[in-house]
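J.: Mind having a look at this structure? Questions to follow.
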Amino acid sequence: MIPNTAMRPTRDGYVEGLLAAGERSPRVVVLDGDVGRSTGVIAFGDRFPDRYWNLGIAEQNIAGHAAGLALEGFIPFYSTYAVFAVGRALDQIRTAVCGMGLPVRIGGAHGGTSVGPDGGTHQALEDIAQTRALPGMTVLVPADANQTREAVLASLEIPGPVYIRYGRNPVPSIYGVGSRIAPGKGNLLREGRDLAIVACGAMVGAALEAAEVLHGMGIEASVIDMVSVKPLDESLLMEVTGGVQGVVTAEDHQAAGGLGGAVAEFLAENRPLPMRILGVPDRFGESGDPGELLGQYMLSSHGISRAAIDLMRPRK
Amino acid sequence: MVSQADRPGPDGLAESRCRLVRRRIVEMIHRAGSGHPGGSLSCVEILVVLYCEVMRHDPGNPSWEGRDRFVLSKGHAAPALYAILALCGYFPEEELFTLRRFGSRLQGHPHRQSLPGLDCSTGSLGQGLSMAAGMALALKLKGSDSRVFCLMGDGELQEGSVWEAAMSAPKLGLSNLKVVVDLNGVQLDGPTSGIMPLEPLEEKWRTFRWRVERVDGHSPSELCRALRRTEPEPTIILAETVKGKGVSFMEGDCLWHGRAPNREELDTALRELS
């Protein structure tokens with residue numbers, strides 16, 4: 001881990017990854033849904049015009065084309081806003097892409113509240129739950145631009161479908177270029193014996209800050225970046241949660257069905273522990289600065305440390 | 001491989017094949033206890049012409065790169081497709097009667113990974129055309145001269161995603177994409193014209209920049225001629241058919257969209273198809 005305070009949106013890393021993937025394999029093709037200028041994915045079309053198609057605002061058709069291209073041996077990336085990439089084409093993703101186990105890569109842009117001012121219609125807050133429930137789907141939620149780049153490149157080696165969720169808002173850089181990423185592997189960013197904080201995406205930076213605050217209060221927290229929400233890094237969870245008093249999860253997503261749900265499902269069966277699942281509490285989004293929106297749901301370093309302190313309080 | 005030259009083309013041979021396929025369909029569905037006879041019986045000539053006259057394929061080498069691809073967008077007509085695949089020799093005929101059973105390779109709707117000869121899984125209506133277009137695009141990209149044939153139902157034209165694909169295929173210049181619509185005019189709940197009218201279909205597809213032709217979907221020679229034409233734009237053939245064709249009490253009746261014949265009904269059907 002290379003400490004770096006520069007702030008960059010994860011979408012920059014997605015585009016860098018796509019360009020590198022295009023160089024690496026002639027089988028990489030990209031389908032766009034009229035958001036190429038917004039996501040930056042149009043850069044792939046500029047570099048590889050024969051392997052890029054903008055199919056307009058028609059996500060179901062894009063997902064179907066991606067399935068068809070994958071059936072013929074290509075590695076299609078289809079990229080549009082996460083809320084539509086997944087939600088609008090969910091049946092195609094389920095039946096065609098996952099049903100046939102095809103190597104389609106879905107790039108979900110503007111994940112979570114990162115598209116703040118656009119409001120609830122454009123904030124993807126259910127996409128992790130939707131993709132995680134699909135058999136055979138790998139779900140990657142990278143925390144910074146470099147990790148997003150590596151997620152795109154790592155996806156080339158994954159045989160089945162992959163969902164990569166990224167965001168528009170600048171987030172702190174955590175990883176250096178070339179940091180390894182693999183399905184089923186999380187990263188232990190900080191070790192602590194008292195509790196474990198498991199986060200993904202934009203909340204990883206906040207989790208690291210929270211752990212630092214807690215350290216000042218005498219509470220030692222481990223921080224796991226669970227970039228691979230599915231498959232979950234179960235062995236890392238077992239390793240880190242041995243002896244802790246509880247687990248806090250944090251994600252820019254509904255509290256139901258996402259990372260917190262995945263961790264809770266695993267721990268309930270293998271090592272039941274008190275948990276706090278931080279996420280959007282069964283509500284639709286609204287307009288606002290992403291920081292303001294996340295703050296009201298306690299999705300901040302402050303919120304995470306508050307939840308951790310609450311968890312450490314002796315039970316009656 | 002089955003080459004064009006090996007295939008006798010007279011309607012007489014096609015007719016006997018179609019009769020055999022229809023007998024298999026009603027028997028398979030009867031034995032399974034469920035299934036979709038109406039929409040399977042309506043597309044028999046279309047499938048027989050495709051598999052016995054038009055498409056390049058090799059039952060001995062189902063994943064031969066040079067084959068033409070086929071997508072059964074109306075996946076509920078799986079019994080018809082299975083019967084033809086067995087007729088071509090993709091798998092033993094006895095296996096047809098495992099349809100819809102636990103552990104069978106003959107899933108209720110076509111499942112690509114289960115059975116040799118299937119290029120694509122289908123069953124959720126309105127998805128096939130987009131996948132067929134994606135395959136056609138991929139074949140162009142690979143410089144292949146293989147074509148993609150896609151059989152759709154008329155009811156599924158009510159799905160919005162069909163029209164998304166209708167828009168994109170001409171943009172992508174998919175001259176290697178050939179679509180047939182089994183225009184049997186009846187869907188699960190009743191006549192298509194009453195549930196959600198589709199006509200005028202020629203005009204609709206033409207304005208989307210497709211080459212459109214309307215044919216008698218039970219005439220092997222008309223189907224054959226239409227399917228063999230080469231055109232610079234994607235082609236759609238509106239094949240007028242009768243739902244439940246060949247079994248008098250099933251013809252045109254939406255109740256036979258998804259119902260299995262009992263023993264007595266099967267016997268009557270087989271008598272009519274002999």
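The way I read the labels, and the way they are meant: chains A, B, ... in the order of the structure tokens, residue 1 as the first residue of every chain, and ligand 1 as the first ligand shown, with later ones counted on from there.
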Using backbone DSSP assignments, extract all helix (DSSP H, G or I) residues from region 49-239 of chain A; output them as a VMD selection string.
T.: chain A and resid 49 to 51 59 to 71 82 to 87 90 to 98 113 to 118 120 to 122 127 to 132 145 to 155 203 to 216 234 to 239
J.: Give me the residues near region 76-89 of chain B as number ranges by chain, where near means some atom within 8 Å (using only C-alpha atoms) and where sequence neighbours in that chain fewer than 3 positions away do not count.
T.: B: 21-22, 24-25, 28-29, 35-37, 39-41, 43-44, 47-48, 51-52, 59-60, 72, 92-93, 96, 99, 106, 108-110, 117, 123
J.: If you take only C-alpha atoms and a cut-off of 7 Å, which residues of chain A touch chain B, and what are their nearest atom pairs and distances in Å to one decimal, in chain and number order, as a tab-separated table?
T.:
```
residue	atom	partner	partner_atom	distance
A:Leu55	CA	B:Ser168	CA	6.6
A:Ala58	CA	B:Glu164	CA	6.1
A:Gln60	CA	B:Ser161	CA	6.0
A:Asn61	CA	B:Ser130	CA	5.3
A:Gly64	CA	B:Met131	CA	4.6
A:His65	CA	B:Gly134	CA	3.8
A:Ala66	CA	B:Gly134	CA	6.3
A:Ala67	CA	B:Met131	CA	5.9
A:Gly68	CA	B:Gly134	CA	4.0
A:Leu69	CA	B:Gly134	CA	5.0
A:Leu71	CA	B:Met135	CA	6.9
A:Glu72	CA	B:Ala138	CA	6.1
A:Gln92	CA	B:Gln127	CA	6.9
A:Ala96	CA	B:Ser121	CA	6.8
A:Met100	CA	B:Ser121	CA	6.8
```
J.: Generate a file of the selected residues that holds C-alpha atoms, formatted as a PDB file, in the first residue's frame.
T.:
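Generated file (part.pdb):
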```pdb
ATOM      1  CA  LEU A  55     -25.938   1.825 -29.180  1.00  0.00           C
ATOM      2  CA  ALA A  58     -31.156   1.231 -24.849  1.00  0.00           C
ATOM      3  CA  GLN A  60     -31.526  -4.008 -22.640  1.00  0.00           C
ATOM      4  CA  ASN A  61     -30.331  -4.102 -26.228  1.00  0.00           C
ATOM      5  CA  GLY A  64     -28.143  -8.495 -25.384  1.00  0.00           C
ATOM      6  CA  HIS A  65     -25.482  -7.400 -27.867  1.00  0.00           C
ATOM      7  CA  ALA A  66     -22.852  -7.945 -25.195  1.00  0.00           C
ATOM      8  CA  ALA A  67     -24.136 -11.500 -24.689  1.00  0.00           C
ATOM      9  CA  GLY A  68     -24.034 -12.139 -28.442  1.00  0.00           C
ATOM     10  CA  LEU A  69     -20.486 -10.814 -28.749  1.00  0.00           C
ATOM     11  CA  LEU A  71     -20.977 -16.034 -27.334  1.00  0.00           C
ATOM     12  CA  GLU A  72     -18.677 -15.485 -30.305  1.00  0.00           C
ATOM     13  CA  GLN A  92     -30.943  -9.685 -19.817  1.00  0.00           C
ATOM     14  CA  ALA A  96     -28.649 -14.156 -21.046  1.00  0.00           C
ATOM     15  CA  MET A 100     -25.005 -18.687 -20.032  1.00  0.00           C
TER      16      MET A 100
END
```
J.: Find the spatial neighbours of Gly66 (chain B), counting only C-alpha atoms, within a cut-off of 12 Å - ignore same-chain residues fewer than 5 positions away - and output them as a VMD selection string.
T.: (chain A and resid 72) or (chain B and resid 1 55 to 58 61 139 142 to 148)
J.: Can you list, as a ChimeraX atom specification, every protein, DNA or RNA residue that comes within 12 Å of region 196-200 of chain B when you count only C-alpha atoms, leaving out same-chain residues fewer than 3 positions away?
T.: /B:153-159,181,183-193,203-207,212,214,238
J.: Mind listing the strand (DSSP E) residues of region 64-96 of chain A, per DSSP on the backbone, as a PDB file with C-alpha atoms, in the first residue's frame?
T.:
```pdb
ATOM      1  CA  ILE A  75     -14.825  -9.884 -24.108  1.00  0.00           C
ATOM      2  CA  PRO A  76     -17.418  -7.131 -24.144  1.00  0.00           C
ATOM      3  CA  PHE A  77     -17.473  -4.299 -21.629  1.00  0.00           C
ATOM      4  CA  TYR A  78     -20.738  -2.455 -21.508  1.00  0.00           C
ATOM      5  CA  SER A  79     -20.670   0.785 -19.718  1.00  0.00           C
ATOM      6  CA  THR A  80     -23.372   3.159 -18.692  1.00  0.00           C
ATOM      7  CA  TYR A  81     -24.725   4.637 -15.473  1.00  0.00           C
TER       8      TYR A  81
END
```
J.: What does the structure give for the distance between CA of Ser179 (chain A) and CA of Arg8 (chain A), in Å to one decimal?
T.: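 Calculated distance between CA of Ser179 (chain A) and CA of Arg8 (chain A) is 16.4 Å.
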J.: Please identify all polymer residues within 7 Å of region 268-277 of chain A, counting only C-alpha atoms, omitting same-chain residues fewer than 6 positions from it, and present them as a PyMOL selection string.
T.: chain A and resi 246-250+255+260+307
J.: Could you please determine the separation between CA of Gly36 (chain A) and CA of Ala109 (chain A) in Å, to one decimal place?
T.: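 It comes out at 10.4 Å.
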J.: From the list B:Glu95, B:Glu213, B:Glu27, B:Glu15, which residue is nearest Asn262 (chain B) when using only C-alpha atoms?
T.: B:Glu27
